[in-house]
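Pasting entry-v6.cif here (mmCIF, C-alpha atoms):
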data_work
#
loop_
_atom_site.label_atom_id
_atom_site.label_comp_id
_atom_site.auth_asym_id
_atom_site.auth_seq_id
_atom_site.Cartn_x
_atom_site.Cartn_y
_atom_site.Cartn_z
CA MET A 1 -21.02 -1.86 -6.78
CA LYS A 2 -19.88 -2.91 -3.32
CA LEU A 3 -16.84 -2.89 -1.08
CA ALA A 4 -15.41 -6.38 -1.52
CA SER A 5 -12.50 -6.19 0.94
CA ILE A 6 -10.54 -3.86 3.22
CA HIS A 7 -6.78 -4.04 3.84
CA PHE A 8 -4.25 -2.24 6.00
CA TYR A 9 -0.49 -2.51 6.53
CA PRO A 10 0.78 -1.48 9.99
CA VAL A 11 4.43 -1.33 8.88
CA LYS A 12 5.16 0.05 5.45
CA SER A 13 6.21 -2.69 2.97
CA THR A 14 5.39 -5.58 5.31
CA ALA A 15 2.54 -8.09 5.05
CA GLY A 16 -0.98 -6.70 5.26
CA HIS A 17 -4.21 -7.66 7.00
CA GLN A 18 -7.71 -8.06 5.60
CA VAL A 19 -10.40 -6.82 7.97
CA ARG A 20 -14.18 -6.66 7.87
CA GLN A 21 -14.41 -3.07 9.10
CA ALA A 22 -12.07 -0.09 9.42
CA GLU A 23 -12.08 3.48 10.65
CA VAL A 24 -11.29 6.02 7.96
CA GLN A 25 -9.14 8.83 9.34
CA PRO A 26 -8.07 11.96 7.43
CA TRP A 27 -4.62 10.44 6.76
CA GLY A 28 -5.72 6.87 5.97
CA LEU A 29 -7.27 3.79 7.54
CA ALA A 30 -6.71 3.53 11.29
CA GLY A 31 -3.39 1.78 11.89
CA ASP A 32 -2.32 1.85 8.27
CA ARG A 33 1.39 2.50 7.63
CA ARG A 34 2.25 4.25 10.88
CA TYR A 35 5.62 2.44 11.04
CA LEU A 36 8.47 2.08 8.59
CA VAL A 37 11.96 0.60 8.38
CA THR A 38 15.15 2.56 7.73
CA ASP A 39 18.67 1.45 6.88
CA GLU A 40 21.63 2.21 9.15
CA ARG A 41 21.95 5.69 7.63
CA GLY A 42 18.35 6.50 8.51
CA GLU A 43 17.03 6.28 4.96
CA LEU A 44 13.65 4.74 4.14
CA LEU A 45 13.85 1.05 3.26
CA THR A 46 11.03 -0.74 1.41
CA ALA A 47 10.35 -4.14 -0.12
CA ARG A 48 11.38 -2.71 -3.48
CA VAL A 49 14.94 -3.20 -2.24
CA GLU A 50 14.37 -5.75 0.56
CA PRO A 51 11.60 -8.17 -0.52
CA TRP A 52 11.92 -10.15 2.73
CA LEU A 53 10.16 -7.29 4.50
CA LEU A 54 7.02 -8.92 3.09
CA ALA A 55 7.72 -11.92 5.35
CA CYS A 56 7.13 -9.75 8.41
CA VAL A 57 3.60 -9.74 9.85
CA ALA A 58 2.88 -6.76 12.11
CA GLU A 59 -0.13 -6.77 14.43
CA LEU A 60 -1.39 -3.77 16.40
CA ASP A 61 -2.65 -3.85 19.99
CA GLY A 62 -3.32 -0.31 21.10
CA ASP A 63 -0.04 1.59 20.93
CA ALA A 64 2.03 -1.60 20.89
CA LEU A 65 3.11 -3.59 17.86
CA THR A 66 3.91 -7.31 17.61
CA LEU A 67 6.24 -8.51 14.86
CA THR A 68 6.06 -12.09 13.61
CA GLY A 69 8.39 -13.67 11.07
CA PRO A 70 9.92 -16.95 9.90
CA HIS A 71 13.30 -16.37 11.54
CA ALA A 72 12.61 -15.66 15.24
CA ALA A 73 10.05 -15.66 18.03
CA PRO A 74 7.41 -12.90 17.89
CA LEU A 75 8.50 -9.58 19.35
CA ARG A 76 6.34 -7.00 21.09
CA VAL A 77 7.49 -3.47 20.32
CA THR A 78 6.78 -0.17 22.03
CA PRO A 79 8.25 3.09 20.63
CA GLU A 80 10.89 4.48 22.99
CA GLY A 81 10.71 8.21 22.26
CA VAL A 82 14.01 9.01 20.49
CA MET A 83 13.07 11.01 17.38
CA SER A 84 14.86 11.63 14.10
CA ALA A 85 13.95 12.97 10.67
CA VAL A 86 13.36 10.52 7.83
CA ASN A 87 12.90 11.48 4.19
CA VAL A 88 9.61 9.88 3.13
CA ARG A 89 9.27 10.35 -0.63
CA GLY A 90 10.53 13.90 -0.59
CA THR A 91 9.16 15.06 2.77
CA SER A 92 11.21 15.17 5.96
CA VAL A 93 9.13 13.58 8.71
CA ALA A 94 10.00 13.32 12.41
CA LEU A 95 9.66 9.67 13.53
CA THR A 96 10.18 7.89 16.84
CA ASP A 97 12.67 5.03 17.10
CA CYS A 98 11.29 1.69 18.33
CA GLY A 99 14.38 0.50 20.18
CA ASP A 100 17.26 -1.92 19.84
CA ASP A 101 15.19 -5.09 20.22
CA ALA A 102 13.07 -4.22 17.20
CA ALA A 103 16.20 -3.21 15.29
CA ARG A 104 17.88 -6.55 16.01
CA TRP A 105 14.75 -8.55 15.13
CA LEU A 106 14.36 -6.85 11.75
CA SER A 107 18.11 -6.82 11.08
CA ASP A 108 18.19 -10.59 11.56
CA LEU A 109 15.28 -10.97 9.14
CA LEU A 110 16.91 -8.86 6.43
CA GLY A 111 20.56 -9.69 7.05
CA ARG A 112 21.60 -6.03 7.38
CA PRO A 113 21.44 -3.32 10.06
CA VAL A 114 18.04 -1.58 10.10
CA ARG A 115 15.83 0.39 12.49
CA LEU A 116 12.06 0.52 13.03
CA LYS A 117 10.43 3.98 13.25
CA TRP A 118 6.95 5.14 14.29
CA LEU A 119 4.89 8.13 13.22
CA ASP A 120 3.25 9.33 16.43
CA ASP A 121 1.56 12.35 14.82
CA PRO A 122 0.05 11.63 11.38
CA THR A 123 -0.72 15.31 10.80
CA ARG A 124 2.97 16.00 10.09
CA ARG A 125 3.04 14.90 6.47
CA PRO A 126 1.07 16.72 3.73
CA VAL A 127 0.02 15.10 0.48
CA ASN A 128 1.46 16.34 -2.81
CA PRO A 129 -0.08 19.83 -3.15
CA ALA A 130 -0.53 19.24 -6.90
CA TYR A 131 -3.20 16.63 -6.12
CA GLY A 132 -4.65 17.69 -2.77
CA LEU A 133 -5.68 20.57 -0.56
CA PRO A 134 -3.26 22.35 1.81
CA GLU A 135 -4.87 20.67 4.82
CA ASP A 136 -4.74 17.11 3.40
CA ARG A 137 -2.45 14.73 5.28
CA VAL A 138 -1.13 11.20 4.78
CA SER A 139 0.58 8.78 7.17
CA LEU A 140 3.52 6.79 5.73
CA ALA A 141 1.81 5.49 2.58
CA ASP A 142 3.59 6.37 -0.64
CA GLY A 143 1.52 9.45 -1.35
CA TYR A 144 -2.16 9.48 -0.41
CA PRO A 145 -4.44 8.21 2.39
CA LEU A 146 -6.08 5.26 0.58
CA LEU A 147 -5.58 3.17 -2.54
CA LEU A 148 -8.61 1.73 -4.37
CA THR A 149 -8.56 -1.10 -6.88
CA THR A 150 -11.32 -3.05 -8.63
CA THR A 151 -11.76 -6.74 -9.31
CA ALA A 152 -12.83 -5.99 -12.90
CA SER A 153 -9.51 -4.31 -13.66
CA LEU A 154 -7.51 -7.17 -12.15
CA THR A 155 -9.50 -9.74 -14.13
CA LEU A 156 -8.72 -7.95 -17.40
CA LEU A 157 -5.08 -7.48 -16.44
CA ASN A 158 -4.73 -11.20 -15.71
CA ASP A 159 -6.25 -11.96 -19.12
CA TRP A 160 -3.71 -9.64 -20.73
CA ILE A 161 -0.88 -11.32 -18.83
CA VAL A 162 -1.91 -14.74 -20.17
CA GLU A 163 -2.09 -13.37 -23.72
CA THR A 164 1.35 -11.81 -23.36
CA ALA A 165 2.85 -15.06 -22.08
CA LEU A 166 1.33 -17.20 -24.82
CA GLU A 167 2.44 -14.78 -27.54
CA ARG A 168 5.99 -15.17 -26.23
CA GLY A 169 5.78 -18.95 -26.17
CA GLU A 170 5.64 -19.06 -22.38
CA GLU A 171 3.42 -21.15 -20.17
CA ALA A 172 0.26 -19.38 -19.05
CA PRO A 173 0.87 -18.13 -15.48
CA ALA A 174 -1.49 -18.39 -12.54
CA PRO A 175 -3.61 -15.25 -12.01
CA LEU A 176 -1.98 -12.54 -9.94
CA PRO A 177 -3.69 -12.00 -6.57
CA MET A 178 -4.93 -8.54 -5.65
CA HIS A 179 -2.57 -8.30 -2.67
CA ARG A 180 0.31 -7.76 -5.12
CA PHE A 181 -1.08 -4.24 -5.57
CA ARG A 182 -1.42 -3.52 -1.83
CA PRO A 183 -4.82 -1.77 -1.94
CA ASN A 184 -6.78 -0.47 1.02
CA VAL A 185 -10.21 -0.97 -0.53
CA VAL A 186 -11.19 -3.37 -3.31
CA ILE A 187 -14.41 -2.73 -5.21
CA ASP A 188 -16.52 -5.45 -6.85
CA GLY A 189 -19.32 -5.06 -9.37
CA VAL A 190 -17.69 -2.44 -11.63
CA GLU A 191 -19.08 -3.11 -15.11
CA THR A 192 -16.06 -1.92 -17.11
CA ALA A 193 -12.42 -2.60 -16.30
CA PHE A 194 -10.46 0.56 -15.45
CA ALA A 195 -13.66 2.63 -15.23
CA GLU A 196 -12.15 3.96 -11.99
CA ASP A 197 -9.67 5.99 -14.05
CA GLU A 198 -12.45 8.48 -14.73
CA TRP A 199 -13.90 8.73 -11.24
CA LYS A 200 -13.61 12.11 -9.51
CA ARG A 201 -15.51 11.41 -6.28
CA VAL A 202 -16.78 8.20 -4.76
CA ARG A 203 -18.78 7.26 -1.67
CA ILE A 204 -18.16 3.98 0.16
CA GLY A 205 -20.92 3.39 2.66
CA GLU A 206 -21.31 6.78 4.35
CA VAL A 207 -17.76 8.02 3.67
CA ALA A 208 -17.12 10.28 0.68
CA PHE A 209 -13.71 10.51 -0.99
CA ARG A 210 -12.00 12.67 -3.56
CA VAL A 211 -9.95 10.87 -6.20
CA SER A 212 -6.57 12.59 -6.16
CA LYS A 213 -4.97 10.73 -9.08
CA ARG A 214 -4.39 7.36 -10.67
CA CYS A 215 -1.71 5.21 -9.03
CA ASP A 216 1.54 4.58 -10.90
CA ARG A 217 3.03 1.18 -10.14
CA CYS A 218 6.55 0.03 -9.37
CA VAL A 219 8.65 -3.13 -9.08
CA LEU A 220 7.05 -3.97 -5.72
CA THR A 221 4.10 -5.45 -7.64
CA THR A 222 6.44 -8.00 -9.27
CA ILE A 223 7.45 -9.65 -5.97
CA ASP A 224 6.02 -13.13 -5.35
CA THR A 225 4.93 -13.03 -1.71
CA ALA A 226 5.42 -16.81 -1.40
CA THR A 227 9.08 -16.81 -2.51
CA TYR A 228 10.04 -13.11 -2.09
CA THR A 229 11.56 -13.13 -5.57
CA LYS A 230 10.96 -10.63 -8.36
CA GLY A 231 9.43 -11.53 -11.72
CA LYS A 232 8.37 -9.65 -14.85
CA GLU A 233 4.65 -9.34 -14.23
CA PRO A 234 2.55 -7.29 -13.94
CA ILE A 235 4.92 -4.50 -15.04
CA ARG A 236 5.67 -6.14 -18.40
CA THR A 237 2.01 -6.33 -19.38
CA LEU A 238 1.03 -3.02 -17.80
CA SER A 239 3.78 -1.42 -19.89
CA ARG A 240 2.07 -2.80 -22.99
CA TYR A 241 -1.50 -1.81 -22.18
CA ARG A 242 -1.39 0.83 -19.44
CA ARG A 243 1.69 2.95 -20.14
CA GLN A 244 1.26 6.72 -20.17
CA ASP A 245 3.57 9.62 -19.34
CA GLY A 246 6.43 7.17 -18.88
CA LYS A 247 4.62 5.27 -16.09
CA VAL A 248 2.24 2.31 -15.76
CA TRP A 249 -1.05 2.64 -13.93
CA PHE A 250 -3.33 0.46 -11.80
CA GLY A 251 -5.76 1.73 -9.15
CA ILE A 252 -6.64 5.20 -7.89
CA ASN A 253 -5.65 7.23 -4.83
CA LEU A 254 -8.33 8.55 -2.46
CA ILE A 255 -8.53 11.38 0.06
CA PRO A 256 -11.47 11.24 2.52
CA ASP A 257 -13.72 14.26 2.89
CA ALA A 258 -14.25 13.44 6.58
CA PRO A 259 -13.63 10.59 9.03
CA GLY A 260 -16.01 7.66 9.13
CA ARG A 261 -16.23 3.89 9.01
CA VAL A 262 -16.29 1.47 6.10
CA THR A 263 -17.52 -2.13 6.27
CA GLN A 264 -17.13 -5.01 3.87
CA GLY A 265 -20.24 -5.15 1.70
CA ASP A 266 -20.90 -1.39 1.84
CA PRO A 267 -22.48 0.03 -1.32
CA VAL A 268 -20.15 2.09 -3.51
CA VAL A 269 -21.46 5.04 -5.51
CA VAL A 270 -19.60 7.22 -7.98
CA LEU A 271 -20.53 10.83 -7.21
#

If you took the structure in this file and wrote it as C-alpha coordinates, what would it be?
Amino acid sequence: MKLASIHFYPVKSTAGHQVRQAEVQPWGLAGDRRYLVTDERGELLTARVEPWLLACVAELDGDALTLTGPHAAPLRVTPEGVMSAVNVRGTSVALTDCGDDAARWLSDLLGRPVRLKWLDDPTRRPVNPAYGLPEDRVSLADGYPLLLTTTASLTLLNDWIVETALERGEEAPAPLPMHRFRPNVVIDGVETAFAEDEWKRVRIGEVAFRVSKRCDRCVLTTIDTATYTKGKEPIRTLSRYRRQDGKVWFGINLIPDAPGRVTQGDPVVVL
(Lines of atoms letter the chains of each structure in order from A and count residues from 1; the text may use other names and numbers.)
(Lines give C-alpha, C1' and ligand atoms only; values in the text may rest on other atoms or scores of the structure.)
Protein backbone atom coordinates (compact mmCIF):
# COMPACT_ATOMS: atom_id res chain seq x y z
CA MET A 1 0.00 0.00 0.00
CA LYS A 2 1.12 3.57 -0.56
CA LEU A 3 0.10 7.14 0.18
CA ALA A 4 -1.63 8.23 -3.02
CA SER A 5 -2.39 11.86 -2.12
CA ILE A 6 -2.31 14.43 0.70
CA HIS A 7 -4.90 17.17 1.24
CA PHE A 8 -5.40 20.07 3.63
CA TYR A 9 -8.05 22.75 4.08
CA PRO A 10 -6.83 26.05 5.59
CA VAL A 11 -10.37 27.32 6.30
CA LYS A 12 -12.91 24.81 7.53
CA SER A 13 -15.51 23.94 4.84
CA THR A 14 -13.71 25.79 2.03
CA ALA A 15 -11.87 24.33 -0.96
CA GLY A 16 -8.84 22.18 -0.21
CA HIS A 17 -5.34 21.80 -1.60
CA GLN A 18 -3.49 18.69 -2.73
CA VAL A 19 0.20 18.75 -1.81
CA ARG A 20 3.12 16.41 -2.35
CA GLN A 21 4.40 16.63 1.23
CA ALA A 22 3.04 17.76 4.59
CA GLU A 23 4.15 18.11 8.19
CA VAL A 24 2.12 16.03 10.62
CA GLN A 25 1.55 17.91 13.86
CA PRO A 26 -0.16 16.51 16.98
CA TRP A 27 -3.43 18.28 16.06
CA GLY A 28 -3.38 17.61 12.29
CA LEU A 29 -1.51 18.46 9.12
CA ALA A 30 0.33 21.79 9.25
CA GLY A 31 -2.08 24.53 8.18
CA ASP A 32 -5.13 22.29 8.16
CA ARG A 33 -8.37 23.87 9.41
CA ARG A 34 -6.90 26.65 11.53
CA TYR A 35 -9.62 29.08 10.38
CA LEU A 36 -13.40 28.90 10.36
CA VAL A 37 -16.40 31.05 9.51
CA THR A 38 -19.12 32.10 11.95
CA ASP A 39 -22.51 33.70 11.44
CA GLU A 40 -23.37 37.11 12.89
CA ARG A 41 -24.22 35.51 16.24
CA GLY A 42 -20.77 33.94 16.46
CA GLU A 43 -21.93 30.39 15.73
CA LEU A 44 -19.92 28.01 13.55
CA LEU A 45 -20.98 28.06 9.90
CA THR A 46 -20.06 25.24 7.49
CA ALA A 47 -20.79 24.21 3.91
CA ARG A 48 -23.51 21.94 5.25
CA VAL A 49 -25.60 25.11 5.51
CA GLU A 50 -23.68 27.40 3.12
CA PRO A 51 -22.40 25.32 0.16
CA TRP A 52 -20.86 28.41 -1.47
CA LEU A 53 -18.12 28.27 1.15
CA LEU A 54 -16.67 25.59 -1.12
CA ALA A 55 -16.12 28.29 -3.76
CA CYS A 56 -13.58 29.98 -1.50
CA VAL A 57 -9.93 29.02 -2.01
CA ALA A 58 -7.70 29.86 0.95
CA GLU A 59 -3.91 29.91 0.58
CA LEU A 60 -1.43 30.21 3.44
CA ASP A 61 1.74 32.30 3.41
CA GLY A 62 3.29 32.17 6.85
CA ASP A 63 0.79 33.66 9.30
CA ALA A 64 -1.17 35.40 6.53
CA LEU A 65 -4.05 33.99 4.54
CA THR A 66 -5.19 34.91 1.02
CA LEU A 67 -8.82 34.32 0.05
CA THR A 68 -9.79 33.84 -3.59
CA GLY A 69 -13.32 33.49 -4.92
CA PRO A 70 -15.55 34.03 -7.95
CA HIS A 71 -17.15 37.22 -6.64
CA ALA A 72 -14.28 39.61 -5.78
CA ALA A 73 -10.56 40.29 -6.04
CA PRO A 74 -8.31 38.15 -3.81
CA LEU A 75 -7.96 39.38 -0.25
CA ARG A 76 -4.94 39.03 2.03
CA VAL A 77 -5.98 38.51 5.64
CA THR A 78 -4.06 38.87 8.88
CA PRO A 79 -5.76 38.07 12.23
CA GLU A 80 -6.25 41.26 14.25
CA GLY A 81 -6.20 39.95 17.82
CA VAL A 82 -9.80 40.37 19.07
CA MET A 83 -10.77 37.03 20.62
CA SER A 84 -14.12 35.39 21.30
CA ALA A 85 -15.38 31.93 22.18
CA VAL A 86 -16.89 29.76 19.45
CA ASN A 87 -18.66 26.45 20.03
CA VAL A 88 -16.87 23.94 17.79
CA ARG A 89 -18.86 20.70 17.89
CA GLY A 90 -19.49 20.87 21.61
CA THR A 91 -16.24 22.51 22.76
CA SER A 92 -15.90 26.22 23.48
CA VAL A 93 -12.73 27.42 21.76
CA ALA A 94 -11.18 30.90 21.95
CA LEU A 95 -10.58 32.20 18.39
CA THR A 96 -9.13 35.41 16.99
CA ASP A 97 -11.20 37.58 14.66
CA CYS A 98 -9.69 38.30 11.23
CA GLY A 99 -11.10 41.80 10.76
CA ASP A 100 -13.80 43.65 8.88
CA ASP A 101 -12.24 43.26 5.42
CA ALA A 102 -12.35 39.48 5.66
CA ALA A 103 -15.87 39.66 7.07
CA ARG A 104 -17.07 41.79 4.15
CA TRP A 105 -15.35 39.58 1.56
CA LEU A 106 -16.94 36.40 2.90
CA SER A 107 -20.29 38.09 3.55
CA ASP A 108 -20.42 39.16 -0.09
CA LEU A 109 -19.66 35.59 -1.18
CA LEU A 110 -22.39 34.06 0.98
CA GLY A 111 -24.95 36.85 0.86
CA ARG A 112 -25.22 37.10 4.66
CA PRO A 113 -23.19 38.66 7.50
CA VAL A 114 -20.34 36.38 8.60
CA ARG A 115 -16.94 36.62 10.32
CA LEU A 116 -13.64 34.79 9.81
CA LYS A 117 -11.89 33.41 12.93
CA TRP A 118 -8.41 31.96 13.52
CA LEU A 119 -7.17 29.39 16.00
CA ASP A 120 -3.80 30.75 17.13
CA ASP A 121 -3.17 27.96 19.66
CA PRO A 122 -4.16 24.48 18.42
CA THR A 123 -3.55 22.94 21.84
CA ARG A 124 -6.82 24.44 23.13
CA ARG A 125 -9.19 21.83 21.79
CA PRO A 126 -9.15 18.20 23.01
CA VAL A 127 -10.46 15.29 20.97
CA ASN A 128 -13.48 13.34 22.20
CA PRO A 129 -12.15 11.56 25.31
CA ALA A 130 -14.15 8.45 24.37
CA TYR A 131 -11.82 7.93 21.39
CA GLY A 132 -8.53 9.51 22.43
CA LEU A 133 -6.10 10.16 25.23
CA PRO A 134 -6.38 13.15 27.60
CA GLU A 135 -3.43 14.86 25.90
CA ASP A 136 -4.75 14.43 22.32
CA ARG A 137 -5.62 17.67 20.54
CA VAL A 138 -7.31 18.65 17.28
CA SER A 139 -7.42 21.96 15.40
CA LEU A 140 -10.80 22.91 13.87
CA ALA A 141 -11.51 19.64 12.03
CA ASP A 142 -14.79 18.00 12.97
CA GLY A 143 -13.30 15.70 15.57
CA TYR A 144 -9.83 14.26 15.01
CA PRO A 145 -6.46 15.32 13.57
CA LEU A 146 -6.55 13.43 10.24
CA LEU A 147 -9.05 11.63 8.03
CA LEU A 148 -7.93 8.64 5.94
CA THR A 149 -9.78 7.17 2.98
CA THR A 150 -8.87 4.49 0.44
CA THR A 151 -9.29 4.32 -3.31
CA ALA A 152 -10.57 0.74 -3.05
CA SER A 153 -13.49 1.82 -0.86
CA LEU A 154 -14.40 4.68 -3.19
CA THR A 155 -14.30 2.38 -6.22
CA LEU A 156 -16.74 -0.04 -4.58
CA LEU A 157 -18.97 2.80 -3.39
CA ASN A 158 -19.15 4.20 -6.92
CA ASP A 159 -20.12 0.75 -8.20
CA TRP A 160 -22.88 0.59 -5.59
CA ILE A 161 -24.10 4.05 -6.59
CA VAL A 162 -24.43 2.97 -10.23
CA GLU A 163 -26.34 -0.17 -9.18
CA THR A 164 -28.67 1.89 -7.02
CA ALA A 165 -29.37 4.34 -9.83
CA LEU A 166 -30.06 1.64 -12.42
CA GLU A 167 -32.36 -0.25 -10.05
CA ARG A 168 -34.39 2.95 -9.70
CA GLY A 169 -34.55 3.51 -13.44
CA GLU A 170 -32.14 6.44 -13.28
CA GLU A 171 -29.24 7.22 -15.56
CA ALA A 172 -25.90 5.93 -14.30
CA PRO A 173 -24.08 8.88 -12.69
CA ALA A 174 -20.45 9.85 -13.14
CA PRO A 175 -18.16 8.47 -10.41
CA LEU A 176 -17.92 10.61 -7.29
CA PRO A 177 -14.45 12.16 -6.81
CA MET A 178 -12.60 11.56 -3.57
CA HIS A 179 -12.60 15.26 -2.68
CA ARG A 180 -16.31 14.94 -1.83
CA PHE A 181 -15.16 13.17 1.35
CA ARG A 182 -12.53 15.79 2.28
CA PRO A 183 -9.76 13.39 3.37
CA ASN A 184 -6.29 14.34 4.53
CA VAL A 185 -4.59 11.18 3.30
CA VAL A 186 -5.74 8.82 0.56
CA ILE A 187 -4.32 5.30 0.45
CA ASP A 188 -3.92 3.22 -2.71
CA GLY A 189 -3.23 -0.49 -3.03
CA VAL A 190 -5.64 -1.75 -0.34
CA GLU A 191 -6.74 -5.19 -1.52
CA THR A 192 -10.22 -5.18 0.04
CA ALA A 193 -12.65 -2.28 0.08
CA PHE A 194 -13.37 -0.98 3.61
CA ALA A 195 -10.52 -3.06 5.08
CA GLU A 196 -9.59 0.16 6.90
CA ASP A 197 -12.61 -0.34 9.18
CA GLU A 198 -10.61 -2.95 11.07
CA TRP A 199 -7.31 -1.10 11.33
CA LYS A 200 -6.15 -0.14 14.82
CA ARG A 201 -2.76 1.39 14.05
CA VAL A 202 -1.13 2.39 10.78
CA ARG A 203 2.24 3.80 9.74
CA ILE A 204 2.56 6.17 6.78
CA GLY A 205 6.20 6.60 5.90
CA GLU A 206 7.86 7.12 9.28
CA VAL A 207 4.77 8.48 11.08
CA ALA A 208 2.66 6.11 13.18
CA PHE A 209 -1.02 6.79 13.89
CA ARG A 210 -3.72 5.40 16.12
CA VAL A 211 -7.12 4.84 14.52
CA SER A 212 -9.59 6.59 16.82
CA LYS A 213 -12.81 5.55 15.06
CA ARG A 214 -14.56 5.22 11.73
CA CYS A 215 -15.87 8.46 10.24
CA ASP A 216 -19.62 9.02 10.06
CA ARG A 217 -20.66 11.08 7.05
CA CYS A 218 -23.06 13.97 6.62
CA VAL A 219 -24.84 15.98 3.92
CA LEU A 220 -21.60 17.82 3.06
CA THR A 221 -20.61 14.81 0.93
CA THR A 222 -23.68 15.35 -1.28
CA ILE A 223 -22.62 18.83 -2.46
CA ASP A 224 -21.45 19.06 -6.08
CA THR A 225 -18.35 21.27 -5.90
CA ALA A 226 -18.91 22.45 -9.49
CA THR A 227 -22.47 23.74 -8.92
CA TYR A 228 -22.61 24.01 -5.09
CA THR A 229 -25.94 22.17 -5.10
CA LYS A 230 -26.93 19.19 -2.97
CA GLY A 231 -27.86 15.79 -4.38
CA LYS A 232 -28.77 12.38 -2.97
CA GLU A 233 -25.44 10.62 -3.29
CA PRO A 234 -23.42 9.24 -1.63
CA ILE A 235 -25.68 9.31 1.44
CA ARG A 236 -28.48 7.39 -0.29
CA THR A 237 -26.23 4.49 -1.21
CA LEU A 238 -24.17 4.58 1.98
CA SER A 239 -27.46 4.29 3.88
CA ARG A 240 -28.14 1.07 1.98
CA TYR A 241 -24.74 -0.57 2.37
CA ARG A 242 -22.91 1.20 5.19
CA ARG A 243 -25.55 2.11 7.77
CA GLN A 244 -24.87 1.19 11.39
CA ASP A 245 -25.90 2.72 14.72
CA GLY A 246 -28.10 5.19 12.86
CA LYS A 247 -25.15 6.64 10.88
CA VAL A 248 -23.37 5.99 7.58
CA TRP A 249 -19.62 5.43 7.45
CA PHE A 250 -16.74 6.13 5.07
CA GLY A 251 -13.10 6.56 6.08
CA ILE A 252 -11.30 6.44 9.43
CA ASN A 253 -10.01 9.09 11.82
CA LEU A 254 -6.33 9.14 12.82
CA ILE A 255 -4.36 10.53 15.76
CA PRO A 256 -0.56 10.75 15.29
CA ASP A 257 1.73 9.19 17.87
CA ALA A 258 4.32 11.92 17.25
CA PRO A 259 5.06 14.71 14.76
CA GLY A 260 6.70 13.87 11.46
CA ARG A 261 6.44 14.29 7.72
CA VAL A 262 4.48 12.38 5.11
CA THR A 263 5.20 12.40 1.37
CA GLN A 264 3.15 11.23 -1.57
CA GLY A 265 4.25 7.70 -2.44
CA ASP A 266 5.22 6.78 1.15
CA PRO A 267 4.66 3.12 2.01
CA VAL A 268 1.69 2.42 4.28
CA VAL A 269 1.78 -0.43 6.79
CA VAL A 270 -0.98 -1.65 9.07
CA LEU A 271 0.57 -2.22 12.50

(message) Residue by residue, what does the PyMOL selection byres ((chain A and resi 60) around 12) grab here? Present the result as a VMD selection string.
(response) chain A and resid 8 to 11 16 to 17 30 to 35 57 to 59 61 to 68 75 to 78

Got a sec: who's within 8 Å of Glu233 in chain A, counting all atoms listed in the file, leaving out chain neighbours fewer than 3 positions off, as a short mmCIF file (atom, residue, chain, number, x, y, z; two decimals) with C-alpha atoms, in the coordinates of the input?
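Listed below is the output, selection13.cif:
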data_model
loop_
_atom_site.label_atom_id
_atom_site.label_comp_id
_atom_site.auth_asym_id
_atom_site.auth_seq_id
_atom_site.Cartn_x
_atom_site.Cartn_y
_atom_site.Cartn_z
CA ILE A 161 -0.88 -11.32 -18.83
CA THR A 221 4.10 -5.45 -7.64
CA THR A 222 6.44 -8.00 -9.27
CA ARG A 236 5.67 -6.14 -18.40
CA THR A 237 2.01 -6.33 -19.38
#

(request) Provide the CA of Pro129 in chain A to CA of Leu148 in chain A distance in Å, to one decimal place. (result)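 So the two atoms, CA of Pro129 in chain A and CA of Leu148 in chain A, lie 20.0 Å apart.
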
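We find CA of Gly246 in chain A and CA of Leu271 in chain A to be spaced 29.6 Å apart.
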
(request) Evaluate the PyMOL selection byres ((chain A and resi 252) around 7) on the structure here and hand back the selected residues as a PyMOL selection string. (result) chain A and resi 147-149+196-197+211+213-215+250-251+253-254

Could I get the residues of range 210-237 of chain A with an atom no further than 10 Å from an atom of range 174-195 of chain A, each paired with its nearest atom pair and that distance in Å to one decimal, using only C-alpha atoms, sorted by chain and residue number, as JSON lines?
{"residue": "A:Arg217", "atom": "CA", "partner": "A:Phe181", "partner_atom": "CA", "distance": 8.2}
{"residue": "A:Cys218", "atom": "CA", "partner": "A:Phe181", "partner_atom": "CA", "distance": 9.5}
{"residue": "A:Leu220", "atom": "CA", "partner": "A:Arg180", "partner_atom": "CA", "distance": 7.8}
{"residue": "A:Thr221", "atom": "CA", "partner": "A:Arg180", "partner_atom": "CA", "distance": 5.1}
{"residue": "A:Thr222", "atom": "CA", "partner": "A:Arg180", "partner_atom": "CA", "distance": 7.4}
{"residue": "A:Ile223", "atom": "CA", "partner": "A:Arg180", "partner_atom": "CA", "distance": 7.4}
{"residue": "A:Asp224", "atom": "CA", "partner": "A:Arg180", "partner_atom": "CA", "distance": 7.8}
{"residue": "A:Thr225", "atom": "CA", "partner": "A:Arg180", "partner_atom": "CA", "distance": 7.8}
{"residue": "A:Glu233", "atom": "CA", "partner": "A:Leu176", "partner_atom": "CA", "distance": 8.5}
{"residue": "A:Pro234", "atom": "CA", "partner": "A:Leu176", "partner_atom": "CA", "distance": 8.0}

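Counting all atoms listed in the file, the residue from A:Arg124, A:His7, A:His71, A:Arg104 that sits nearest to Trp27 in chain A is A:Arg124.
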
(request) With a distance cut-off of 10 Å and only C-alpha atoms, select the neighbouring residues of Arg201 in chain A, excluding the residue or stretch itself and same-chain residues fewer than 3 positions from it, and output the selection as a PyMOL selection string. (result) chain A and resi 196+198+208-212+254-257+269-271

Output C-alpha atoms for every residue in the selection just made, as a short mmCIF file (atom, residue, chain, number, x, y, z; two decimals), in the frame of the given file.
data_model
loop_
_atom_site.label_atom_id
_atom_site.label_comp_id
_atom_site.auth_asym_id
_atom_site.auth_seq_id
_atom_site.Cartn_x
_atom_site.Cartn_y
_atom_site.Cartn_z
CA GLU A 196 -12.15 3.96 -11.99
CA GLU A 198 -12.45 8.48 -14.73
CA ALA A 208 -17.12 10.28 0.68
CA PHE A 209 -13.71 10.51 -0.99
CA ARG A 210 -12.00 12.67 -3.56
CA VAL A 211 -9.95 10.87 -6.20
CA SER A 212 -6.57 12.59 -6.16
CA LEU A 254 -8.33 8.55 -2.46
CA ILE A 255 -8.53 11.38 0.06
CA PRO A 256 -11.47 11.24 2.52
CA ASP A 257 -13.72 14.26 2.89
CA VAL A 269 -21.46 5.04 -5.51
CA VAL A 270 -19.60 7.22 -7.98
CA LEU A 271 -20.53 10.83 -7.21
#
